[in-house]
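Quick look at entry-v6.txt (compact mmCIF, C-alpha atoms):
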# COMPACT_ATOMS: atom_id res chain seq x y z
CA MET G 798 -13.00 -9.02 7.62
CA MET G 799 -9.80 -7.02 7.36
CA TRP G 800 -7.95 -8.23 10.46
CA LYS G 801 -5.82 -11.38 10.15
CA ASP G 802 -4.18 -13.29 12.99
CA LYS G 803 -0.83 -13.07 11.21
CA TYR G 804 -0.78 -9.32 11.98
CA THR G 805 -0.36 -10.08 15.69
CA LEU G 806 2.99 -8.87 17.05
CA GLY G 807 2.78 -10.52 20.46
CA VAL G 808 2.79 -7.16 22.27
CA ASP G 809 -0.55 -6.89 24.03
CA LEU G 810 -1.02 -3.10 24.04
CA ILE G 811 0.07 -2.68 20.40
CA ASP G 812 -2.00 -5.63 19.18
CA LYS G 813 -5.13 -4.28 20.90
CA GLN G 814 -4.57 -0.86 19.32
CA HIS G 815 -4.04 -2.40 15.89
CA MET G 816 -7.27 -4.40 16.23
CA GLU G 817 -9.12 -1.25 17.25
CA LEU G 818 -7.73 0.58 14.22
CA PHE G 819 -8.78 -2.21 11.88
CA GLU G 820 -12.26 -2.37 13.41
CA ARG G 821 -12.72 1.38 13.05
CA VAL G 822 -11.49 1.41 9.47
CA GLU G 823 -13.69 -1.56 8.58
CA SER G 824 -16.72 0.09 10.13
CA PHE G 825 -15.88 3.29 8.22
CA LEU G 826 -15.66 1.32 4.95
CA LEU G 827 -18.98 -0.40 5.51
CA VAL G 828 -20.67 2.98 5.75
CA LEU G 829 -18.64 4.56 2.97
CA ARG G 830 -19.29 1.72 0.52
CA SER G 831 -22.98 1.35 1.36
CA LYS G 832 -25.70 2.55 -0.99
CA GLU G 833 -26.91 5.21 1.42
CA PRO G 834 -27.08 8.76 0.05
CA TRP G 835 -23.83 10.65 0.57
CA GLU G 836 -25.43 13.11 3.01
CA HIS G 837 -26.13 10.20 5.38
CA LYS G 838 -22.51 9.06 5.29
CA VAL G 839 -20.82 12.38 5.95
CA GLN G 840 -21.25 12.23 9.72
CA LYS G 841 -19.49 8.84 9.87
CA VAL G 842 -16.69 10.25 7.71
CA LYS G 843 -16.19 13.15 10.10
CA GLU G 844 -16.25 10.84 13.13
CA THR G 845 -13.63 8.58 11.55
CA LEU G 846 -11.35 11.49 10.75
CA GLU G 847 -11.65 12.77 14.32
CA PHE G 848 -10.84 9.31 15.59
CA MET G 849 -7.91 8.95 13.19
CA LYS G 850 -6.46 12.30 14.20
CA GLU G 851 -6.48 11.40 17.91
CA TYR G 852 -6.13 7.63 18.08
CA VAL G 853 -3.44 7.27 15.43
CA VAL G 854 -1.29 9.87 17.17
CA LYS G 855 -1.75 8.04 20.49
CA HIS G 856 -1.05 4.66 18.91
CA PHE G 857 2.05 5.88 17.10
CA HIS G 858 3.31 7.43 20.36
CA ASP G 859 2.74 4.20 22.33
CA GLU G 860 4.34 2.09 19.61
CA GLU G 861 7.37 4.37 19.37
CA CYS G 862 7.80 4.27 23.19
CA TYR G 863 7.68 0.49 23.04
CA GLN G 864 10.29 0.39 20.27
CA ARG G 865 12.63 2.56 22.32
CA SER G 866 12.04 0.44 25.44
CA VAL G 867 13.27 -2.69 23.64
CA GLY G 868 16.08 -0.90 21.77
CA TYR G 869 14.56 -1.52 18.33
CA PRO G 870 17.36 -0.49 15.94
CA ASP G 871 15.11 0.87 13.13
CA CYS G 872 13.09 3.04 15.51
CA ASN G 873 14.12 6.35 13.89
CA ARG G 874 13.11 5.25 10.39
CA HIS G 875 9.87 3.80 11.77
CA CYS G 876 9.10 7.13 13.48
CA GLU G 877 9.71 8.92 10.15
CA ILE G 878 7.17 6.63 8.45
CA HIS G 879 4.64 7.45 11.19
CA ALA G 880 5.33 11.18 10.77
CA GLU G 881 4.92 10.98 6.98
CA PHE G 882 1.56 9.23 7.34
CA THR G 883 0.34 11.66 10.00
CA SER G 884 1.27 14.50 7.68
CA GLU G 885 -0.63 12.91 4.79
CA VAL G 886 -3.74 12.47 6.94
CA GLN G 887 -3.49 16.12 7.96
CA GLU G 888 -3.22 17.10 4.29
CA PHE G 889 -6.44 15.22 3.56
CA VAL G 890 -8.13 16.88 6.53
CA LYS G 891 -7.09 20.28 5.18
CA LEU G 892 -8.50 19.38 1.77
CA PHE G 893 -11.77 18.23 3.31
CA GLU G 894 -12.05 21.46 5.25
CA ALA G 895 -11.19 23.57 2.20
CA GLN G 896 -13.23 21.71 -0.41
CA GLY G 897 -15.96 20.22 1.74
CA TYR G 898 -16.47 16.53 2.39
CA GLU G 899 -16.84 15.61 -1.27
CA GLU G 900 -17.36 11.90 -1.92
CA PRO G 901 -14.58 11.33 -4.52
CA LEU G 902 -11.95 12.80 -2.21
CA VAL G 903 -13.15 10.78 0.79
CA GLN G 904 -13.19 7.57 -1.30
CA LYS G 905 -9.59 8.30 -2.35
CA PHE G 906 -8.60 8.86 1.27
CA ALA G 907 -10.23 5.56 2.28
CA GLY G 908 -8.47 3.60 -0.48
CA LYS G 909 -5.09 4.93 0.56
CA LEU G 910 -5.85 4.40 4.25
CA VAL G 911 -6.75 0.71 3.79
CA ALA G 912 -3.68 -0.15 1.72
CA TRP G 913 -1.34 1.88 3.94
CA LEU G 914 -2.66 0.38 7.19
CA ILE G 915 -2.41 -3.21 5.96
CA ASN G 916 1.10 -2.76 4.60
CA HIS G 917 2.25 -0.97 7.73
CA VAL G 918 0.93 -3.59 10.15
CA ALA G 919 1.63 -6.64 7.93
CA ALA G 920 5.13 -5.64 6.86
CA THR G 921 6.70 -2.68 8.71
CA ASP G 922 5.39 -3.49 12.20
CA GLN G 923 6.15 -7.19 11.79
CA LYS G 924 9.83 -6.27 11.73
CA ILE G 925 9.43 -5.26 15.40
CA ALA G 926 8.04 -8.74 16.14
CA ASP G 927 10.97 -10.31 14.26
CA TYR G 928 13.39 -8.24 16.35
CA ILE G 929 11.71 -9.24 19.63
CA HIS G 930 11.80 -12.87 18.55
CA ARG G 931 15.52 -12.66 17.80
CA LEU G 932 16.09 -11.10 21.25
CA GLU G 933 14.22 -13.96 22.92
CA VAL G 934 16.23 -16.55 20.99
CA GLU G 935 19.52 -14.91 22.00
CA VAL G 936 18.64 -14.83 25.73
CA MET B 1349 24.86 -2.95 -14.73
CA THR B 1350 22.49 -4.20 -12.03
CA ASP B 1351 19.59 -6.36 -13.21
CA LEU B 1352 16.86 -3.75 -12.96
CA THR B 1353 13.99 -6.21 -13.06
CA HIS B 1354 15.05 -8.11 -9.95
CA PRO B 1355 14.31 -5.44 -7.28
CA PHE B 1356 10.86 -4.90 -8.83
CA PHE B 1357 10.12 -8.62 -8.97
CA LYS B 1358 11.29 -9.10 -5.39
CA ALA B 1359 9.31 -6.09 -4.13
CA THR B 1360 6.14 -7.19 -5.93
CA GLN B 1361 6.55 -10.74 -4.64
CA GLU B 1362 6.97 -9.56 -1.06
CA VAL B 1363 4.10 -7.07 -1.10
CA PHE B 1364 1.73 -9.60 -2.69
CA ARG B 1365 2.68 -12.20 -0.09
CA LEU B 1366 2.42 -9.91 2.94
CA MET B 1367 -0.58 -7.81 1.96
CA LEU B 1368 -2.61 -10.24 -0.16
CA ASP B 1369 -1.37 -13.74 0.72
CA LEU B 1370 -0.71 -14.32 -2.99
CA ASP B 1371 2.32 -15.94 -4.58
CA ILE B 1372 3.69 -14.63 -7.86
CA LYS B 1373 6.07 -16.09 -10.43
CA LYS B 1374 7.57 -14.80 -13.67
CA THR B 1375 5.93 -15.85 -16.93
CA PRO B 1376 7.33 -15.62 -20.48
CA PRO B 1377 5.99 -12.42 -22.17
CA GLU B 1378 4.41 -14.38 -25.03
CA GLN B 1379 1.82 -15.79 -22.61
CA LEU B 1380 -0.15 -12.58 -22.41
CA SER B 1381 -3.61 -13.61 -23.49
CA GLU B 1382 -5.32 -12.57 -20.28
CA LEU B 1383 -3.96 -9.05 -20.49
CA LYS B 1384 -6.17 -8.28 -23.49
CA ASN B 1385 -8.78 -6.85 -21.14
CA LYS B 1386 -9.67 -3.50 -19.69
CA ALA B 1387 -6.93 -2.52 -17.29
CA VAL B 1388 -5.53 0.17 -15.07
CA ASN B 1389 -2.12 1.51 -15.90
CA VAL B 1390 -0.35 2.93 -12.86
CA SER B 1391 2.74 4.92 -13.71
CA ILE B 1392 5.43 5.93 -11.20
CA GLY B 1393 8.12 8.45 -12.12
CA ILE B 1394 11.68 7.73 -10.96
CA ILE B 1395 14.37 10.33 -10.30
CA GLY B 1396 17.96 9.92 -9.16
CA ASP B 1397 20.78 7.74 -10.47
CA LEU B 1398 18.21 6.22 -12.82
CA GLU B 1399 15.46 8.24 -14.49
CA GLY B 1400 12.26 7.35 -16.28
CA LYS B 1401 9.13 5.57 -15.16
CA ILE B 1402 7.71 2.23 -14.13
CA GLU B 1403 4.36 1.21 -15.57
CA TYR B 1404 2.24 -1.39 -13.85
CA CYS B 1405 -0.51 -2.69 -16.09
CA ILE B 1406 -3.11 -4.50 -14.02
CA PRO B 1407 -6.26 -5.94 -15.62
CA GLU B 1408 -9.53 -4.68 -14.18
CA SER B 1409 -10.49 -8.09 -12.78
CA ILE B 1410 -7.21 -8.36 -10.87
CA THR B 1411 -7.44 -4.79 -9.60
CA LEU B 1412 -10.93 -5.46 -8.23
CA GLU B 1413 -9.78 -8.73 -6.64
CA ILE B 1414 -6.75 -7.09 -5.00
CA VAL B 1415 -8.93 -4.41 -3.44
CA ARG B 1416 -11.50 -7.03 -2.40
CA ILE B 1417 -8.76 -8.95 -0.57
CA LEU B 1418 -7.51 -5.76 1.11
CA SER B 1419 -10.89 -4.45 2.20
CA GLY B 1420 -12.80 -7.70 2.67
CA MET B 1421 -15.57 -6.21 0.52
CA GLU B 1422 -16.72 -6.97 -3.01
CA MET B 1423 -15.64 -4.34 -5.55
CA LYS B 1424 -17.66 -3.91 -8.74
CA GLU B 1425 -16.03 -1.08 -10.64
CA LEU B 1426 -12.87 0.98 -10.94
CA ASP B 1427 -14.07 3.85 -8.78
CA ASP B 1428 -12.10 6.36 -6.71
CA PHE B 1429 -11.72 3.99 -3.75
CA VAL B 1430 -10.40 1.14 -5.90
CA THR B 1431 -7.97 3.22 -7.95
CA SER B 1432 -6.65 4.96 -4.84
CA ALA B 1433 -6.05 1.63 -3.08
CA ILE B 1434 -4.30 0.08 -6.10
CA SER B 1435 -2.19 3.23 -6.55
CA GLU B 1436 -1.06 2.94 -2.93
CA VAL B 1437 -0.18 -0.75 -3.40
CA VAL B 1438 1.92 0.17 -6.46
CA ASN B 1439 3.47 3.04 -4.52
CA ILE B 1440 4.48 0.61 -1.76
CA ILE B 1441 5.96 -1.88 -4.25
CA SER B 1442 7.93 0.86 -5.99
CA GLY B 1443 9.21 2.28 -2.70
CA ASN B 1444 10.40 -1.17 -1.64
CA ALA B 1445 12.07 -1.64 -5.05
CA MET B 1446 13.98 1.61 -4.49
CA THR B 1447 15.30 0.11 -1.24
CA GLY B 1448 16.38 -2.94 -3.26
CA LEU B 1449 18.18 -0.73 -5.77
CA PHE B 1450 19.84 1.20 -2.96
CA ASP B 1451 21.32 -2.09 -1.72
CA HIS B 1452 23.07 -2.20 -5.12
CA GLN B 1453 24.38 1.36 -4.70
CA VAL B 1454 21.72 2.83 -7.00
CA GLN B 1455 19.97 5.75 -5.35
CA CYS B 1456 16.55 6.80 -6.66
CA ASP B 1457 13.28 8.28 -5.43
CA ILE B 1458 9.73 7.71 -6.58
CA GLN B 1459 7.21 10.34 -7.60
CA PRO B 1460 3.47 10.18 -6.87
CA PRO B 1461 1.61 7.59 -8.97
CA SER B 1462 -0.58 8.57 -11.89
CA ILE B 1463 -3.32 6.33 -13.17
CA GLU B 1464 -5.08 5.84 -16.48
CA TYR B 1465 -7.46 3.29 -17.94
CA THR B 1466 -6.59 1.23 -21.00
CA ASP B 1467 -8.52 -1.19 -23.20
CA THR B 1468 -5.67 -3.66 -23.23
CA CYS B 1469 -2.28 -4.18 -21.56
CA THR B 1470 0.07 -3.70 -24.49
CA ILE B 1471 3.75 -4.06 -23.82
CA GLN B 1472 5.41 -1.21 -25.68
CA ASN B 1473 8.98 -2.06 -24.72
CA LYS B 1474 9.52 -5.74 -25.50
CA SER B 1475 12.88 -5.92 -23.78
CA ASP B 1476 14.22 -7.88 -20.86
CA LYS B 1477 13.02 -5.04 -18.64
CA VAL B 1478 9.39 -6.15 -18.81
CA LEU B 1479 8.17 -8.41 -16.04
CA THR B 1480 5.15 -10.59 -16.74
CA LEU B 1481 3.84 -11.90 -13.47
CA GLU B 1482 1.48 -14.79 -12.84
CA THR B 1483 -0.70 -14.99 -9.75
CA SER B 1484 -3.61 -17.22 -8.82
CA ILE B 1485 -5.92 -14.30 -9.69
CA GLY B 1486 -4.38 -13.67 -13.14
CA GLN B 1487 -1.49 -11.93 -14.89
CA LEU B 1488 -0.13 -8.42 -14.68
CA HIS B 1489 2.95 -6.80 -16.06
CA VAL B 1490 5.55 -4.29 -14.98
CA ASP B 1491 7.37 -2.29 -17.64
CA ILE B 1492 10.64 -0.85 -16.32
CA GLN B 1493 11.54 2.16 -18.49
CA LEU B 1494 14.67 3.48 -16.82
CA VAL B 1495 17.95 4.87 -18.11
CA ARG B 1496 21.03 5.85 -16.18
CA LYS B 1497 21.17 9.60 -15.62
CA VAL B 1498 23.76 11.31 -17.80
CA ALA B 1499 26.34 13.11 -15.63
Please, can you express the file's structure as structure tokens?
Amino acid sequence: MMWKDKYTLGVDLIDKQHMELFERVESFLLVLRSKEPWEHKVQKVKETLEFMKEYVVKHFHDEECYQRSVGYPDCNRHCEIHAEFTSEVQEFVKLFEAQGYEEPLVQKFAGKLVAWLINHVAATDQKIADYIHRLEVEV
Amino acid sequence: MTDLTHPFFKATQEVFRLMLDLDIKKTPPEQLSELKNKAVNVSIGIIGDLEGKIEYCIPESITLEIVRILSGMEMKELDDFVTSAISEVVNIISGNAMTGLFDHQVQCDIQPPSIEYTDTCTIQNKSDKVLTLETSIGQLHVDIQLVRKVA
């Protein structure tokens, strides 16, 4: 299982969205890494990319709004990281559309996605939780 | 001059702890027996105040274990998924190390990682800029091949 309790920020909306992201990515991996013929997996790949395009944008928007609402000082840099990742996903989507949903490219996308997501939630997003905790201590 | 190995050690330590729940410590370079295995060599180009490259030599068994921990799924071979995931981990470590260097007024950027397969992790530059790192899943090394840019 990919999700770990230590990824929890303590912000209900964001935590639920993170869990949903992890569940979707895990489900995607189970299909992608199965021994099914590639033709059977392509539909799941397309569904995941559609989900990623919409849900990640929504999640990033909600998370950025939350950061602004609590005055998170690194919000601008965090937004840049979101924008860079969104751009990279779009690049992959363009490649898929141009080259077809070839398995090696999709496997590469999945490898990057897993490592990026875990680092982002385990390290970058945890800094928001640290900031909130400091605010609570100061009050 | 700034100790170049420290930002890379610190970044690797932090990424391994946060992403993999693994501790790492430095090991003397002579204790390299486990590195005589098939390995992936991930190379990251560096541009800026310092120029050159960083090579991360990670034995196959450790690479597969790292990606197993990340994905929660058993990995059997160095396929596209595995090499992409390990490249991203190395990319993250290197990016964090650049932040560490920046804190010492050294400004550099990383280039996209390139990956190749080797039969053994041979340290070509036996200097104090090679980090040999011990984890509970085995050893890996980081060869820091950087020189200050000539003005």
Give me the residues near B:Gly1420 as an MDAnalysis selection string, where near means some atom within 9 Å (using only C-alpha atoms) and where sequence neighbours in that chain fewer than 3 positions away do not count.
(chainID G and resid 798:799 823) or (chainID B and resid 1415:1417)
Write out the residues from the selection above, keeping C-alpha atoms, as a PDB file, keeping the file's coordinate frame.
ATOM      1  CA  MET G 798     -13.000  -9.020   7.620  1.00  0.00           C
ATOM      2  CA  MET G 799      -9.800  -7.020   7.360  1.00  0.00           C
ATOM      3  CA  GLU G 823     -13.690  -1.560   8.580  1.00  0.00           C
TER       4      GLU G 823
ATOM      5  CA  VAL B1415      -8.930  -4.410  -3.440  1.00  0.00           C
ATOM      6  CA  ARG B1416     -11.500  -7.030  -2.400  1.00  0.00           C
ATOM      7  CA  ILE B1417      -8.760  -8.950  -0.570  1.00  0.00           C
TER       8      ILE B1417
END
Within 12 Å of chain B, which residues of chain G show up when using all atoms listed in the file, listed as a VMD selection string?
chain G and resid 798 to 801 803 to 804 819 to 820 822 to 831 899 to 923
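Between G:Glu836 and the residues G:Tyr898, G:Asn873, G:Ala880, G:Leu810, the shortest atom-to-atom distance, using all atoms listed in the file, involves G:Tyr898.
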9 Å contact set for B:Phe1356, all atoms listed in the file, chain neighbours under 6 positions out, as a list of chain:residue names:
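Answer for this query is B:Ile1441, B:Ser1442, B:Asn1444, B:Ala1445, B:Met1446, B:Gly1448, B:Leu1449, B:Leu1479, B:Val1490, B:Ile1492.
Across the structure, atom CA of B:Ser1484 and atom CA of B:Asp1371 are spaced 7.4 Å apart.
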One decimal, Å: what's the distance from atom CA of B:Leu1412 over to atom CA of G:Phe882, could you say?
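Computed distance, atom CA of B:Leu1412 to atom CA of G:Phe882, equals 24.8 Å.
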Quick one, how far is atom CA of B:Ala1387 from atom CA of B:Leu1352?
24.2 Å
Option closest in space to G:Asp809, from G:Glu888, G:Asp859, G:Asp871, G:Asp927 [counting only C-alpha atoms]
G:Asp859
Excluding B:Pro1407 and any residue of its chain fewer than 3 positions from it, enumerate the residues within 7 Å of it, using all atoms listed in the file, and give them as a list in words.
Leu1383, Asn1385, Lys1386, Ala1387, Val1388, Ile1410, Thr1411 and Leu1488 of chain B
Between B:Asn1389, B:Thr1480, B:Gln1453, B:Gln1487, which residue has the minimum interatomic distance to B:Tyr1465, considering all atoms listed in the file?
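For B:Tyr1465, the nearest of the candidates is B:Asn1389.
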Would you mind listing what lies within 10 Å of G:Cys872 as a list in words, with only C-alpha atoms counted and same-chain residues fewer than 4 positions away left out?
Glu860, Glu861, Cys862, Tyr863, Gln864, Arg865, Val867, Gly868, Cys876, Glu877, Ile878 and Ile925 of chain G
